[in-house]
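Working notes, structure below.
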Amino acid sequence: MKSNHLIYTVILLLTLFISCQKKISFDSDLISSKMVVNGFIEPDSVINILVATSKPIPGVVSDFIWLENATAVLFEDGVEIETLETYDLVYNETENNDYWYGDTAEKRPKKGYRSKLKVSAEKTYRLEVSHPDYDDVYCETIIPKPIEILSIDTTTVYTNEQNWEQEQLNVKLKFKDPENEDNYYRLVAFVTKGEVSIEYYDKEVMDTIVYISETYLRIDDPIINPEQEEANDILFSAPSNVYSVFTDELINGKEYTVNFDLSLKDNYYYGNEMETEFDPISMGQFYELKIVLQAISRESYLYIKSSYEHKYYDGELFVEPVQVFSNIENGIGIFAGQSSTIKIYSEGQYPIDGVDYREGYNQGYYDYY
Amino acid sequence: MKNTLLILSLILISTNLFAQKITISGYITDKESGERLINANVYNKDTYLGTTANSFGYYSISLPKGKINMVASFIGYQPQEFNLNPQEDLVLNIELEIRSDELDEVTVIGNQVNKVEDTQMSMVDLSVQKLQKIPVFLGEADVLKVIQLLPGVQSGTEGPSGIYVRGGGPDQNLFLLDGVPVYNASHLLGFFSVFNPDAIKAVKLYKGGFPARFGGRLSSVVDISMKDGNMKKIRGNFSIGIISSKLEIEGPITKDKTSFMVSARRTYLDVMTRPIINLVNKIEGTDLEAGAYFHDYNLKLNHIFNEKSRLYLSGYFGKDRGYIRNRSNQNVTNDKNDLIQYKFKNEQGLSWGNAIGSLRWNYLISPKLFSNTTLTYSKYLFDIGSEFEAKNITEKETKTDIFKYYSGIEDLAAKVDFDYFPSQAHAIKFGTSFIQHHFTPGVTRIQLETESFIANNDSISKLFGNRSLYAQEISTYIEDDITFSNRFKLNAGAHLSIFNVQGETFVRLQPRLSIRFKAMENWSLKGSYSRMAQHVHLLTSSGISMPNDLWVPVTKDFAPPISDQVAIGTAINIDEGISLTIEGFYKTMTNLIEYKEGAAFMGNATNWEEKVELGKGWSYGAEVMLEKTIGKTTGWIGYTWSKTERQFDKLNFGEKFPAKYDRRHDISVAFTHEISDKVDFGGTWVYGTGNAVTLAVMKYPQIDIPLSNSNSWYAGDLQDYGGRNNYRMPAYHRMDFGINFHKKKKRGIRTWSFSVYNIYNRMNPFMLQWETEYGDYVFNNVTGEMVFDSDPEIVLKQFSLFTIVPSISYSFKF
């Protein structure tokens, strides 16, 4: 955005002595709080949703109000099934959570709404949510059929740079896109790994740290990450497809193989002596790789994409703001379905008796915004 | 081509049909300067049937043999009457004399076209004298700023001189300077236009009912003619204003044979701000230079070979530049404890400009057939860059980081136009043109050498982007202004364009029709339909006219935008020099493009198609204009009610939304009044509904994306806009006032002009933004800490560009 800064500078230069600002009143007709409904649903799981209200931007900064006395009625393929019940939300309060979410912990909702019914793929679910203080809202989504992974081929690749060896996995994932329908996908991978923490000075094994993390996928695939212009990559900041969502626009009805790389293990070598002295596998070193291909609904695709880009461009002066997709009629938020197909690869054993484990930070977490 | 031959044959046949009549033809010129008068009228005084001079001042009228009282008139000039009894074709060149104040007690400044008589509707013919008397921003008379005051034309945001006509975008206006397209009509980021009023003879704005001879843009044509140059005497003027000075000289090289006109102007904002920057440097201990300026030049030569043949050479060159430069020194000790001296230089700058030229040859094939052959060249180039130089004085080594980005468009064109006057009932125009477009839609050069960018001394030097893209455009047209009777006239025609780019050919036939029915001598009803096609897109997302907006050709996926416009209206001559026009229009536009949400406005154009969406638009409205063109007081009151919407499948989730410059109400008042020949003054007042902007109005909680790393039901805030362009800025209104004091001097007339822009200091909105305001930071006696004394509050801030701006200028006309 170097050039943009230059243009801003020139504009400022021109208007340095004549521009001014003032506080103005906001057209309050546009401010009317709406009910917010948020929930993603998966087959063979109950429905969990949250209900809140939106708050006007102008005014004293305040927290959201989470609504705990709303009525949420669930319909399956047009037939009323049940009214969702409230339940207490439980948070796994750990040191790490404080680290990541410390400032928002107080703002989190305390109660959610849950169904008794476990939902199924290929069915349409509709929610009608009402509350005495707000207009009734409606939302609907279809849970897509899980997509079969036809094959996964993996190749391990080692890279070594200045004693830092990375074990990478090249993955070729093949699936068939259903014909004559619009399909939306998301690709995710998780690595759960135990790494042996060694105090090399005293040659002492401290403990085994377990990391559970979404791992970064390097995807050079035209349907997921179309080739970016190199100059734009260098000069202009642009959002990348961090959630790896994609459509079947270019592969409709075809078999397709997605090719991507991910990091499995990092090893720092101190020399041959150390290598022979310890056996990391027996001390608890392991990894488990979970590759997930999700068939996601159109609503889910639009929400994931637009909410990321919305935050990415927030505050950019000359960029048209990105609106976040919502499928809540009369209200706002998201109610969307998806189905996951999972493949697991592992090495080592977890847990091993006698090994001392402790939780590590989510090393793979990266700051999206 | 077959069509053209057919048309020519028909014309020849029709010529024979009218062979019983004689033809009177010639040029109508200003007696004092020899300047040819565009649109002057020639008519039979008994029947009031007649014709209008073309854009080169040529007229041709076919009449039955015998006695005729013929009148030549042009508003602001003394009409001339001729009692003729020609038995054969007659060449009659007419020189009209400006009405003198002593004779008429009025100053005539106004429209040259009689709106009741003319078939053309949705057209405004601006008098250059008028626009020079209207109060102006910073003392700089500006064609486009005056056009912005006309009904049906929006100005966009505060300041810039871009125009938005009947719901069209800024790229949908064809600016023609002596017949050559000008791609970027803005100086100083749009605060001034490139058209120097001193060099201009006539300005016409077409908003609808487009004659078939025009094509290439959807929404308007601004047809500007440069002065030809005085054929009789050396004349000129110069002026010195707050931010610029200009000079214009014209005169004969060979009297009544060859003339010239040159004009030049330059701003000196950079010079004026230099002392302030120097002061800042002194206080801050910096070495900073910064500035912005523009300069432009107009040139015209014209030569009369003989009565049948005349050559015009005209050119324009203009350039804008803005820059920031700073220097610093640094001494560094290296690992061997040696002192290394560095000198750093950092320079950032941008520049843009147009260069255009045209060579036009008028040739009179016969008294009934006038031809004009034109060769044109038009180039627009924008570049922006930064250069960082690190000079190691001790080791005599220099490393440089360069970023340079440029884009442009270059046209070479040839065209031939004919005016054919087979009879009094027909005035036919036809012609054809070929344009070779050369697009350079965005090239980036990067050279990185210093350690701040690269490791391991591997310098980078690369060029990215699309360096050249060629396209060819052929167009042909025919139109006939047919007079059925004194009451009923129509102009029918068609424009055919063929555009070829990257193996794709787009053929678009664009029919045009304008009808006039004169219900009474001073009242006519009009209607028009026109289809327009455009073969270039302008990639722009910023609210102001940025010079880095990219021109790109249409493609297979982004086919030529098409507009269809229907307009109906009425024109009434209320009194001498007072006219009222009321028009309603409905316009549809297809294949419009807009940047995707979030797409940056800066970038290379090789993949521009991935950054834009395709959609459609509608605009409809009504315009009223009450105009007074004769008398000591002249001016107009204009009102527009309009609605403009867009719909894009992938923008705003497919829902319709108001266009950025959708304005429900727009009022403009402009007047000038002459107290005496020594003092005149003028004023304007404009009011417009606030612009539509996309402004977040609510916040709501975001849910975690499933399978992401976080473990929370609340993943932060999202903003709800309630739709694209959902919010209206506060209304825009402003009043300007100016007064001119003239004095006759020995060698000419000097004028002192004082003007005030935004006289009641209205803070008009340029941009809106949410800001958090905190209370005072105070000491809390209880906690013993510094705290804010109130909760933070989010407020809406409006940013304005110009408050009250007075200006003064001095000019001398000789």
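Residue numbers start at 1 in each chain; chains themselves are named A, B, ... in the order of the structure tokens; ligands are numbered from 1 in the order shown.
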
B:Val182 surroundings by only C-alpha atoms, 12 Å radius, close-in-sequence under 6 positions cut, as a PyMOL selection string: chain B and resi 171+173-176+193-195+221-224+315-318+353-358+376-381+409-411

Next, the residues of the selection above should be written as a CSV table (one decimal), in the first residue's frame with C-alpha atoms.
```csv
chain,number,residue,atom,x,y,z
B,171,ASP,CA,-16.0,7.2,-17.0
B,173,ASN,CA,-18.4,11.1,-20.3
B,174,LEU,CA,-16.7,11.8,-23.6
B,175,PHE,CA,-14.6,14.9,-23.4
B,176,LEU,CA,-13.7,16.1,-26.8
B,193,SER,CA,-10.1,20.7,-15.1
B,194,VAL,CA,-7.6,20.6,-18.0
B,195,PHE,CA,-9.6,23.0,-20.1
B,221,VAL,CA,-20.5,14.2,-24.5
B,222,VAL,CA,-18.7,17.4,-23.6
B,223,ASP,CA,-17.7,18.9,-27.0
B,224,ILE,CA,-15.2,21.7,-26.5
B,315,GLY,CA,-2.6,20.6,-29.6
B,316,TYR,CA,-2.8,20.4,-25.9
B,317,PHE,CA,-0.2,19.3,-23.4
B,318,GLY,CA,-0.6,19.3,-19.7
B,353,GLY,CA,-0.8,14.3,-18.0
B,354,ASN,CA,-2.5,14.3,-21.3
B,355,ALA,CA,-0.9,15.1,-24.7
B,356,ILE,CA,-3.3,15.5,-27.6
B,357,GLY,CA,-3.0,16.8,-31.1
B,358,SER,CA,-5.2,17.0,-34.1
B,376,THR,CA,-5.8,12.8,-34.0
B,377,TYR,CA,-3.4,11.6,-31.3
B,378,SER,CA,-4.3,11.4,-27.6
B,379,LYS,CA,-2.2,10.1,-24.8
B,380,TYR,CA,-2.7,9.9,-21.1
B,381,LEU,CA,0.0,8.7,-18.9
B,409,ILE,CA,-3.7,4.9,-22.9
B,410,GLU,CA,-2.7,6.2,-26.3
B,411,ASP,CA,-5.0,6.6,-29.3
```

Would you pick out the contacts of A:Gly112 at 8 Å or less, using only C-alpha atoms, so that residues sharing its chain but fewer than 6 positions from it are not included, and give the list as an mmCIF file with C-alpha atoms, in the first residue's frame?
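Final file, around-v5.cif:
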```
data_model
loop_
_atom_site.group_PDB
_atom_site.id
_atom_site.type_symbol
_atom_site.label_atom_id
_atom_site.label_comp_id
_atom_site.auth_asym_id
_atom_site.auth_seq_id
_atom_site.Cartn_x
_atom_site.Cartn_y
_atom_site.Cartn_z
ATOM 1 C CA ASN A 48 -26.335 -25.156 19.144
ATOM 2 C CA ILE A 49 -27.186 -21.549 18.557
ATOM 3 C CA LEU A 50 -26.643 -18.249 20.271
ATOM 4 C CA VAL A 51 -29.067 -15.367 20.325
ATOM 5 C CA GLU A 68 -31.590 -15.847 27.223
ATOM 6 C CA THR A 86 -31.305 -23.074 26.896
ATOM 7 C CA TYR A 87 -28.214 -24.523 28.480
ATOM 8 C CA ASP A 88 -25.152 -23.208 30.259
ATOM 9 C CA LEU A 89 -22.173 -22.722 28.059
#
```

Using DSSP on the backbone coordinates, identify all residues within stretch 72-312 of chain B classified as strand (DSSP E or B); present the result as an mmCIF file with C-alpha atoms, in the first residue's frame.
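Final output, out11.cif:
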```
data_model
loop_
_atom_site.group_PDB
_atom_site.id
_atom_site.type_symbol
_atom_site.label_atom_id
_atom_site.label_comp_id
_atom_site.auth_asym_id
_atom_site.auth_seq_id
_atom_site.Cartn_x
_atom_site.Cartn_y
_atom_site.Cartn_z
ATOM 1 C CA ALA B 72 -28.065 35.617 -40.522
ATOM 2 C CA SER B 73 -28.103 35.800 -36.749
ATOM 3 C CA TYR B 77 -24.328 39.638 -32.540
ATOM 4 C CA GLN B 78 -26.149 42.167 -34.662
ATOM 5 C CA GLN B 80 -27.724 40.875 -40.806
ATOM 6 C CA GLU B 81 -30.393 40.858 -43.460
ATOM 7 C CA PHE B 82 -29.745 40.209 -47.137
ATOM 8 C CA ASN B 83 -32.172 40.942 -49.947
ATOM 9 C CA LEU B 84 -31.089 38.531 -52.609
ATOM 10 C CA LEU B 90 -24.229 31.725 -54.485
ATOM 11 C CA VAL B 91 -21.320 31.772 -52.060
ATOM 12 C CA ILE B 94 -21.112 36.561 -43.689
ATOM 13 C CA GLU B 95 -19.350 38.624 -41.060
ATOM 14 C CA LEU B 96 -21.409 39.415 -37.988
ATOM 15 C CA GLU B 97 -20.645 42.210 -35.642
ATOM 16 C CA ILE B 98 -20.940 42.018 -31.853
ATOM 17 C CA VAL B 108 -25.698 39.538 -24.521
ATOM 18 C CA MET B 123 -28.106 19.709 -24.665
ATOM 19 C CA VAL B 124 -26.654 22.817 -23.072
ATOM 20 C CA ASP B 125 -24.566 25.213 -25.075
ATOM 21 C CA LEU B 126 -22.424 27.177 -22.662
ATOM 22 C CA VAL B 153 -25.193 16.892 -13.726
ATOM 23 C CA GLN B 154 -23.826 15.901 -10.319
ATOM 24 C CA TYR B 164 -21.850 12.455 -13.189
ATOM 25 C CA VAL B 165 -24.513 12.872 -15.826
ATOM 26 C CA ASN B 173 -18.383 11.125 -20.263
ATOM 27 C CA LEU B 174 -16.683 11.751 -23.570
ATOM 28 C CA PHE B 175 -14.566 14.891 -23.362
ATOM 29 C CA LEU B 176 -13.674 16.096 -26.817
ATOM 30 C CA LEU B 177 -11.196 18.896 -27.295
ATOM 31 C CA VAL B 180 -9.973 14.549 -29.743
ATOM 32 C CA PRO B 181 -10.899 12.473 -26.695
ATOM 33 C CA SER B 186 -8.531 16.607 -14.104
ATOM 34 C CA HIS B 187 -5.756 18.726 -12.705
ATOM 35 C CA PHE B 192 -9.456 21.899 -11.665
ATOM 36 C CA SER B 193 -10.149 20.699 -15.148
ATOM 37 C CA ILE B 200 -11.867 27.913 -25.528
ATOM 38 C CA LYS B 201 -14.400 29.137 -28.028
ATOM 39 C CA ALA B 202 -17.442 26.939 -27.373
ATOM 40 C CA VAL B 203 -18.635 24.259 -24.977
ATOM 41 C CA LYS B 204 -21.565 21.946 -25.557
ATOM 42 C CA LEU B 205 -22.829 19.352 -23.134
ATOM 43 C CA TYR B 206 -25.044 16.546 -24.425
ATOM 44 C CA GLY B 216 -18.085 5.782 -27.330
ATOM 45 C CA SER B 220 -22.571 12.477 -21.909
ATOM 46 C CA VAL B 221 -20.514 14.243 -24.508
ATOM 47 C CA VAL B 222 -18.691 17.441 -23.629
ATOM 48 C CA ASP B 223 -17.702 18.917 -26.962
ATOM 49 C CA ILE B 224 -15.178 21.696 -26.529
ATOM 50 C CA SER B 225 -13.835 23.806 -29.393
ATOM 51 C CA MET B 226 -10.639 25.738 -29.016
ATOM 52 C CA ARG B 235 -5.033 39.961 -29.131
ATOM 53 C CA GLY B 236 -4.381 38.413 -25.786
ATOM 54 C CA ASN B 237 -4.777 38.427 -22.087
ATOM 55 C CA PHE B 238 -2.892 37.396 -19.028
ATOM 56 C CA SER B 239 -3.947 36.915 -15.460
ATOM 57 C CA ILE B 240 -2.360 36.395 -12.105
ATOM 58 C CA SER B 244 -1.887 30.219 -10.908
ATOM 59 C CA SER B 245 -1.000 32.573 -13.688
ATOM 60 C CA LYS B 246 -1.906 32.270 -17.322
ATOM 61 C CA LEU B 247 -1.287 33.883 -20.637
ATOM 62 C CA GLU B 248 -3.137 33.643 -23.937
ATOM 63 C CA ILE B 249 -2.106 35.281 -27.200
ATOM 64 C CA GLU B 250 -3.709 34.978 -30.602
ATOM 65 C CA GLY B 251 -3.398 36.744 -33.875
ATOM 66 C CA PRO B 252 -2.720 36.579 -37.560
ATOM 67 C CA ILE B 253 0.467 35.205 -39.001
ATOM 68 C CA THR B 254 -0.791 36.324 -42.405
ATOM 69 C CA THR B 258 -3.203 32.189 -41.225
ATOM 70 C CA SER B 259 -3.668 32.648 -37.510
ATOM 71 C CA PHE B 260 -2.378 31.222 -34.267
ATOM 72 C CA MET B 261 -3.488 30.902 -30.676
ATOM 73 C CA VAL B 262 -1.283 29.865 -27.777
ATOM 74 C CA SER B 263 -2.105 29.706 -24.120
ATOM 75 C CA ALA B 264 -0.213 28.558 -21.081
ATOM 76 C CA ARG B 265 -0.860 28.373 -17.377
ATOM 77 C CA ARG B 266 0.957 27.130 -14.330
ATOM 78 C CA THR B 267 0.032 26.816 -10.693
ATOM 79 C CA LEU B 288 12.033 18.022 3.478
ATOM 80 C CA GLU B 289 10.762 19.303 0.165
ATOM 81 C CA ALA B 290 7.212 18.824 -1.014
ATOM 82 C CA GLY B 291 4.910 20.320 -3.566
ATOM 83 C CA ALA B 292 2.224 19.877 -6.160
ATOM 84 C CA TYR B 293 1.669 21.800 -9.337
ATOM 85 C CA PHE B 294 0.351 21.587 -12.862
ATOM 86 C CA HIS B 295 1.033 23.341 -16.082
ATOM 87 C CA ASP B 296 -0.712 23.136 -19.411
ATOM 88 C CA TYR B 297 -0.463 24.597 -22.880
ATOM 89 C CA ASN B 298 -2.854 24.963 -25.780
ATOM 90 C CA LEU B 299 -1.786 25.678 -29.297
ATOM 91 C CA LYS B 300 -3.737 26.208 -32.466
ATOM 92 C CA LEU B 301 -2.764 27.180 -35.958
ATOM 93 C CA ASN B 302 -5.118 27.541 -38.822
ATOM 94 C CA HIS B 303 -4.536 28.326 -42.408
ATOM 95 C CA ILE B 304 -6.967 29.164 -45.178
ATOM 96 C CA PHE B 305 -5.700 27.804 -48.489
ATOM 97 C CA ASN B 306 -8.693 29.115 -50.394
ATOM 98 C CA SER B 309 -9.871 24.436 -48.193
ATOM 99 C CA ARG B 310 -8.692 25.158 -44.661
ATOM 100 C CA LEU B 311 -6.306 23.417 -42.285
ATOM 101 C CA TYR B 312 -6.313 23.419 -38.489
#
```

Atom CA of B:Ile572 to atom CA of B:Lys632, distance in Å rounded to a single decimal: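 Taking atom CA of B:Ile572 and atom CA of B:Lys632, their separation equals 21.1 Å.
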
9 Å contact set for A:Leu117, only C-alpha atoms, chain neighbours under 6 positions out, as JSON, numbers by chain: {"A": [44, 45, 46, 47, 81, 82]}

Polymer residues at most 8 Å from B:Arg728, only C-alpha atoms, same-chain spacing of 3 or more positions, as number ranges by chain: B: 689-693, 725

Spatial neighbours of A:Ile352, 10 Å, only C-alpha atoms, chain gap at least 2 places, as number ranges by chain: A: 282-285, 348-350, 354-357

Best match for closeness to chain B among A:Leu217, A:Val245, A:Ile304, A:Val137, counting only C-alpha atoms: A:Ile304
